[in-house]
Amino acid sequence: MADPLLPQPGFAPFDAGISMMVNADILRDEELDAKVRETREHFNAEPGYTYEDFVGRGAYGIACRVQQKGSGARPPRKMIVKRALNDFVEGELQNEIRVMGELNGSAHIASVIASKDSIGKPPQHFLEGLAGPALVLEYLGNGVLDKLRQQAPIRDVHVPNRILWAIFLCLVRACVAMKYAPGASPDSEPKLEELPVPPPSRIPDGYRHGDLHLGNMMFGSTGDFPEHSIIPPVKLIDFGLAEEHERSVPDNLLGIATNVLWLIIGGYVPLGAPYAIHKGKPTMGGVLLPNPVTGEDPLPWLDRDLRNIILECMARREEDRPSLEKVLNIAKEAVGQRGAEFYGPQESDGAIQYFIQTYVYDANMS
């Protein structure tokens, strides 16, 4: 969606366009400051809540961190409050409120605590009195996956197979939620995503995320489920561009596989021709394959089964990509059965804990 505050091509002469862009930047800074100030004043005046910090801004809004004070047996907790920057871009946030409301209850999508749609009835809770739409999400304090992608090459290490499999399984489970939306009420306890058995009589189209990248994937906290006893879960955020789509599964599988590939190689590579051939089918993940001339393997440490399923999910033709059931079963089996006895002492529980501490927890503190 074009930004209504910025001049469009052909709108004005070059020098006038530059002037308008500068004025637009000033206007956006003023809007941002006003929106942050309004959010801070609202929560500092709301009993049981404290405004903490401005976290950042995106294409259409701001995010602030707020703390809900403890009460009785309930400990204090941090939350993220998202608000639209101005009236022109409220639509994206309202779309995110709608979609995340449908997806709520998933263990691998950021949980909705509360929301307020500007076109609905005012909420009877702590958002009442706050102008415009607002979305309150759980706070994920362990950083985005892109930070891990940046850290590993700098330290001349690769992300261990067990962590790659765990991340991949998290993202596959998120794909399950996007296909079969849980639709749980706000502030519900999340559940581990599984394919429905038996499948519903009417198979939904599902949601296509539309903006899958390592900056929209965040680490949560360990301990919620057995498969996250050592490696924290990864959760998807930012659903402002999400839409219901009949190709939701193949598109989302391509998106998550591409991001895992970027973690594997520690950088970004463009997708497109020329395509490599894997098992007789063109794939966009050819960077993972041995050199076709010399046979040299660029990634001898990488689990071949992980490589193969990534290549299948990145098949050029969507009809060649695997089913959600197949990918989920492969990832679950690998996470559940492959440890140090499979990979060796370099991927023992202790080694994995050290890697997570060093490249996720400590890196996010710097």
# chains A, B, ... in the order shown; residues from 1 in each chain; ligands from 1

call {"tool": "select_by_dssp", "arguments": {"residues": "segment 41-208 of chain A", "states": "strand (DSSP E or B)", "output": "PyMOL selection string"}}
result
chain A and resi 49-57+61-68+71+74+77-84+106+109+112-116+134-138+144+191+207-208

call {"tool": "residues_around", "arguments": {"residues": "Leu288 of chain A", "least_positions_apart": "5", "cutoff": "10 Å", "atoms": "only C-alpha atoms", "output": "VMD selection string"}}
result
chain A and resid 261 264 to 265 276 297 to 300 302 304 307 to 308 310 to 311

call {"tool": "write_last_selection", "arguments": {"atoms": "N, CA and C atoms", "output": "PDB file, in the first residue's frame"}}
result
ATOM      1  N   LEU A 261      16.658 -21.580   5.608  1.00  0.00           N
ATOM      2  CA  LEU A 261      17.828 -21.607   4.721  1.00  0.00           C
ATOM      3  C   LEU A 261      18.746 -20.429   5.031  1.00  0.00           C
ATOM      4  N   ILE A 264      20.713 -21.164   8.001  1.00  0.00           N
ATOM      5  CA  ILE A 264      21.725 -22.193   7.732  1.00  0.00           C
ATOM      6  C   ILE A 264      22.979 -21.570   7.121  1.00  0.00           C
ATOM      7  N   ILE A 265      22.786 -20.713   6.129  1.00  0.00           N
ATOM      8  CA  ILE A 265      23.946 -20.156   5.418  1.00  0.00           C
ATOM      9  C   ILE A 265      24.434 -18.852   6.042  1.00  0.00           C
ATOM     10  N   ALA A 276      18.019 -25.016  -9.235  1.00  0.00           N
ATOM     11  CA  ALA A 276      18.699 -26.306  -9.133  1.00  0.00           C
ATOM     12  C   ALA A 276      17.659 -27.418  -9.255  1.00  0.00           C
ATOM     13  N   ASP A 297      30.484 -30.533  -1.159  1.00  0.00           N
ATOM     14  CA  ASP A 297      29.331 -30.188  -0.333  1.00  0.00           C
ATOM     15  C   ASP A 297      29.657 -28.914   0.444  1.00  0.00           C
ATOM     16  N   PRO A 298      28.899 -27.829   0.252  1.00  0.00           N
ATOM     17  CA  PRO A 298      29.196 -26.578   0.957  1.00  0.00           C
ATOM     18  C   PRO A 298      28.841 -26.628   2.437  1.00  0.00           C
ATOM     19  N   LEU A 299      28.023 -27.606   2.828  1.00  0.00           N
ATOM     20  CA  LEU A 299      27.530 -27.682   4.208  1.00  0.00           C
ATOM     21  C   LEU A 299      27.600 -29.124   4.699  1.00  0.00           C
ATOM     22  N   PRO A 300      28.793 -29.672   4.874  1.00  0.00           N
ATOM     23  CA  PRO A 300      28.906 -31.088   5.244  1.00  0.00           C
ATOM     24  C   PRO A 300      28.330 -31.423   6.615  1.00  0.00           C
ATOM     25  N   LEU A 302      25.442 -30.286   7.777  1.00  0.00           N
ATOM     26  CA  LEU A 302      23.980 -30.159   7.781  1.00  0.00           C
ATOM     27  C   LEU A 302      23.303 -31.518   7.631  1.00  0.00           C
ATOM     28  N   ARG A 304      21.109 -34.206   6.357  1.00  0.00           N
ATOM     29  CA  ARG A 304      20.580 -34.369   4.997  1.00  0.00           C
ATOM     30  C   ARG A 304      19.058 -34.371   4.959  1.00  0.00           C
ATOM     31  N   ARG A 307      18.039 -30.802   5.077  1.00  0.00           N
ATOM     32  CA  ARG A 307      18.292 -30.210   3.760  1.00  0.00           C
ATOM     33  C   ARG A 307      17.218 -30.615   2.761  1.00  0.00           C
ATOM     34  N   ASN A 308      16.864 -31.891   2.751  1.00  0.00           N
ATOM     35  CA  ASN A 308      15.907 -32.383   1.765  1.00  0.00           C
ATOM     36  C   ASN A 308      14.519 -31.782   1.940  1.00  0.00           C
ATOM     37  N   ILE A 310      13.788 -28.920   3.370  1.00  0.00           N
ATOM     38  CA  ILE A 310      13.869 -27.503   3.004  1.00  0.00           C
ATOM     39  C   ILE A 310      13.800 -27.356   1.487  1.00  0.00           C
ATOM     40  N   LEU A 311      14.543 -28.186   0.778  1.00  0.00           N
ATOM     41  CA  LEU A 311      14.535 -28.130  -0.684  1.00  0.00           C
ATOM     42  C   LEU A 311      13.157 -28.450  -1.250  1.00  0.00           C
TER      43      LEU A 311
END

call {"tool": "residues_around", "arguments": {"residues": "segment 76-84 of chain A", "least_positions_apart": "4", "cutoff": "10 Å", "atoms": "only C-alpha atoms", "output": "JSON, numbers by chain"}}
result
{"A": [32, 35, 36, 39, 48, 49, 50, 51, 52, 53, 54, 55, 56, 57, 58, 59, 60, 61, 62, 63, 64, 65, 66, 67, 68, 69, 70, 71, 72, 88, 89, 90, 91, 92, 93, 94, 97, 112, 113, 114, 115, 116, 127, 130, 131, 132, 133, 134, 135, 136, 137, 138, 139, 140, 141]}

call {"tool": "residues_around", "arguments": {"residues": "segment 277-284 of chain A", "least_positions_apart": "3", "cutoff": "10 Å", "atoms": "only C-alpha atoms", "output": "list in words"}}
result
Leu254, Thr258, Pro270, Leu271, Gly272, Ala273, Pro274, Val287, Leu288, Leu289, Pro292, Asn308, Ile310, Leu311, Glu312, Cys313, Met314, Ala315, Arg316, Arg317, Asp320 and Arg321 of chain A

call {"tool": "closest_residue", "arguments": {"among": "A:Gly220, A:Ala45, A:Gln346, A:Leu145", "to": "Pro232 of chain A", "atoms": "only C-alpha atoms"}}
result
A:Gly220

call {"tool": "atom_distance", "arguments": {"atom1": "atom CA of Leu236 of chain A", "atom2": "atom CA of Ser201 of chain A"}}
result
27.8 Å

call {"tool": "residues_around", "arguments": {"residues": "Val157 of chain A", "least_positions_apart": "4", "cutoff": "12 Å", "atoms": "only C-alpha atoms", "output": "list in words"}}
result
Leu148, Arg149, Gln150, Gln151, Ala152, Pro153, Leu263, Ile264, Ile265, Gly266, Trp301, Gln346, Phe355, Thr358 and Tyr359 of chain A

call {"tool": "closest_residue", "arguments": {"among": "A:Glu333, A:Asp205, A:Asp187, A:Glu296", "to": "Glu244 of chain A", "atoms": "only C-alpha atoms"}}
result
A:Asp205

call {"tool": "closest_residue", "arguments": {"among": "A:Glu243, A:His108, A:Ala257, A:Ile154", "to": "Phe225 of chain A", "atoms": "only C-alpha atoms"}}
result
A:His108

call {"tool": "select_by_dssp", "arguments": {"residues": "segment 13-237 of chain A", "states": "helix (DSSP H, G or I)", "output": "NGL selection string"}}
result
:A and (14-45 or 87-103 or 145-154 or 161-179 or 214-216 or 226-228)

call {"tool": "closest_residue", "arguments": {"among": "A:Ser323, A:Thr294, A:Asn161, A:Ser221", "to": "Val360 of chain A", "atoms": "only C-alpha atoms"}}
result
A:Ser221

call {"tool": "atom_distance", "arguments": {"atom1": "atom CA of Ala242 of chain A", "atom2": "atom CA of Arg98 of chain A"}}
result
9.9 Å

call {"tool": "atom_distance", "arguments": {"atom1": "atom CA of Asp156 of chain A", "atom2": "atom CA of Tyr361 of chain A"}}
result
18.1 Å

call {"tool": "residues_around", "arguments": {"residues": "Arg247 of chain A", "least_positions_apart": "4", "cutoff": "9 Å", "atoms": "only C-alpha atoms", "output": "MDAnalysis selection string"}}
result
chainID A and resid 205:208 251:252 318

call {"tool": "closest_residue", "arguments": {"among": "A:Leu306, A:Ala110, A:Ala363, A:Leu164", "to": "Ile231 of chain A", "atoms": "only C-alpha atoms"}}
result
A:Leu164

call {"tool": "closest_residue", "arguments": {"among": "A:Pro47, A:Pro186, A:Pro196, A:Gly223", "to": "Leu324 of chain A", "atoms": "only C-alpha atoms"}}
result
A:Pro196

call {"tool": "decode", "arguments": {"residues": "segment 212-225 of chain A", "atoms": "all heavy atoms", "output": "short mmCIF file (atom, residue, chain, number, x, y, z; two decimals), in the first residue's frame"}}
result
data_model
loop_
_atom_site.label_atom_id
_atom_site.label_comp_id
_atom_site.auth_asym_id
_atom_site.auth_seq_id
_atom_site.Cartn_x
_atom_site.Cartn_y
_atom_site.Cartn_z
N LEU A 212 6.79 -12.95 5.74
CA LEU A 212 7.63 -13.87 6.51
C LEU A 212 9.11 -13.53 6.30
O LEU A 212 9.66 -13.72 5.22
CB LEU A 212 7.36 -15.32 6.10
CG LEU A 212 6.04 -15.91 6.57
CD1 LEU A 212 5.79 -17.26 5.90
CD2 LEU A 212 6.01 -16.04 8.09
N HIS A 213 9.74 -13.02 7.34
CA HIS A 213 11.18 -12.79 7.34
C HIS A 213 11.68 -12.92 8.78
O HIS A 213 10.89 -12.96 9.73
CB HIS A 213 11.54 -11.44 6.73
CG HIS A 213 10.93 -10.25 7.42
ND1 HIS A 213 11.41 -9.75 8.61
CD2 HIS A 213 9.88 -9.46 7.08
CE1 HIS A 213 10.70 -8.68 8.97
NE2 HIS A 213 9.75 -8.50 8.06
N LEU A 214 13.00 -12.98 8.93
CA LEU A 214 13.59 -13.29 10.24
C LEU A 214 13.34 -12.20 11.27
O LEU A 214 13.50 -12.44 12.47
CB LEU A 214 15.09 -13.55 10.09
CG LEU A 214 15.45 -14.80 9.27
CD1 LEU A 214 16.94 -14.87 9.01
CD2 LEU A 214 14.98 -16.06 9.99
N GLY A 215 12.95 -11.02 10.83
CA GLY A 215 12.60 -9.96 11.77
C GLY A 215 11.19 -10.09 12.32
O GLY A 215 10.82 -9.40 13.28
N ASN A 216 10.38 -10.96 11.71
CA ASN A 216 9.01 -11.21 12.18
C ASN A 216 8.89 -12.56 12.85
O ASN A 216 7.79 -13.12 12.95
CB ASN A 216 8.03 -11.11 11.02
CG ASN A 216 7.68 -9.67 10.68
OD1 ASN A 216 7.91 -8.77 11.49
ND2 ASN A 216 7.15 -9.43 9.50
N MET A 217 10.03 -13.10 13.30
CA MET A 217 10.06 -14.37 14.03
C MET A 217 10.85 -14.13 15.31
O MET A 217 12.01 -13.72 15.25
CB MET A 217 10.72 -15.46 13.18
CG MET A 217 10.02 -15.70 11.85
SD MET A 217 10.97 -16.78 10.75
CE MET A 217 9.89 -16.81 9.31
N MET A 218 10.22 -14.38 16.46
CA MET A 218 10.84 -14.04 17.74
C MET A 218 10.93 -15.25 18.66
O MET A 218 10.06 -16.12 18.65
CB MET A 218 10.05 -12.92 18.43
CG MET A 218 9.98 -11.63 17.63
SD MET A 218 9.39 -10.23 18.63
CE MET A 218 10.82 -9.95 19.69
N PHE A 219 11.96 -15.25 19.48
CA PHE A 219 12.12 -16.29 20.50
C PHE A 219 11.25 -15.97 21.71
O PHE A 219 11.24 -14.84 22.21
CB PHE A 219 13.58 -16.39 20.95
CG PHE A 219 14.48 -17.09 19.98
CD1 PHE A 219 15.42 -16.38 19.24
CD2 PHE A 219 14.39 -18.47 19.81
CE1 PHE A 219 16.26 -17.04 18.36
CE2 PHE A 219 15.23 -19.13 18.93
CZ PHE A 219 16.17 -18.41 18.19
N GLY A 220 10.53 -17.00 22.17
CA GLY A 220 9.80 -16.89 23.42
C GLY A 220 10.65 -17.41 24.57
O GLY A 220 11.88 -17.28 24.57
N SER A 221 10.01 -18.04 25.55
CA SER A 221 10.71 -18.55 26.73
C SER A 221 10.53 -20.06 26.83
O SER A 221 9.49 -20.61 26.43
CB SER A 221 10.16 -17.89 28.01
OG SER A 221 10.34 -16.48 27.93
N THR A 222 11.54 -20.74 27.37
CA THR A 222 11.49 -22.19 27.50
C THR A 222 10.48 -22.62 28.55
O THR A 222 10.08 -21.83 29.40
CB THR A 222 12.87 -22.75 27.86
OG1 THR A 222 13.30 -22.13 29.08
CG2 THR A 222 13.88 -22.48 26.77
N GLY A 223 10.09 -23.90 28.48
CA GLY A 223 9.30 -24.50 29.56
C GLY A 223 7.83 -24.65 29.30
O GLY A 223 7.14 -25.34 30.05
N ASP A 224 7.30 -24.02 28.24
CA ASP A 224 5.86 -24.11 28.00
C ASP A 224 5.42 -25.52 27.61
O ASP A 224 4.36 -25.99 28.02
CB ASP A 224 5.44 -23.13 26.89
CG ASP A 224 5.61 -21.68 27.30
OD1 ASP A 224 5.70 -21.43 28.51
OD2 ASP A 224 5.65 -20.81 26.42
N PHE A 225 6.26 -26.19 26.81
CA PHE A 225 5.95 -27.54 26.34
C PHE A 225 7.24 -28.37 26.38
O PHE A 225 8.33 -27.82 26.31
CB PHE A 225 5.38 -27.50 24.92
CG PHE A 225 4.11 -26.70 24.80
CD1 PHE A 225 4.14 -25.37 24.40
CD2 PHE A 225 2.89 -27.27 25.11
CE1 PHE A 225 2.98 -24.63 24.31
CE2 PHE A 225 1.72 -26.55 25.03
CZ PHE A 225 1.76 -25.22 24.62
#
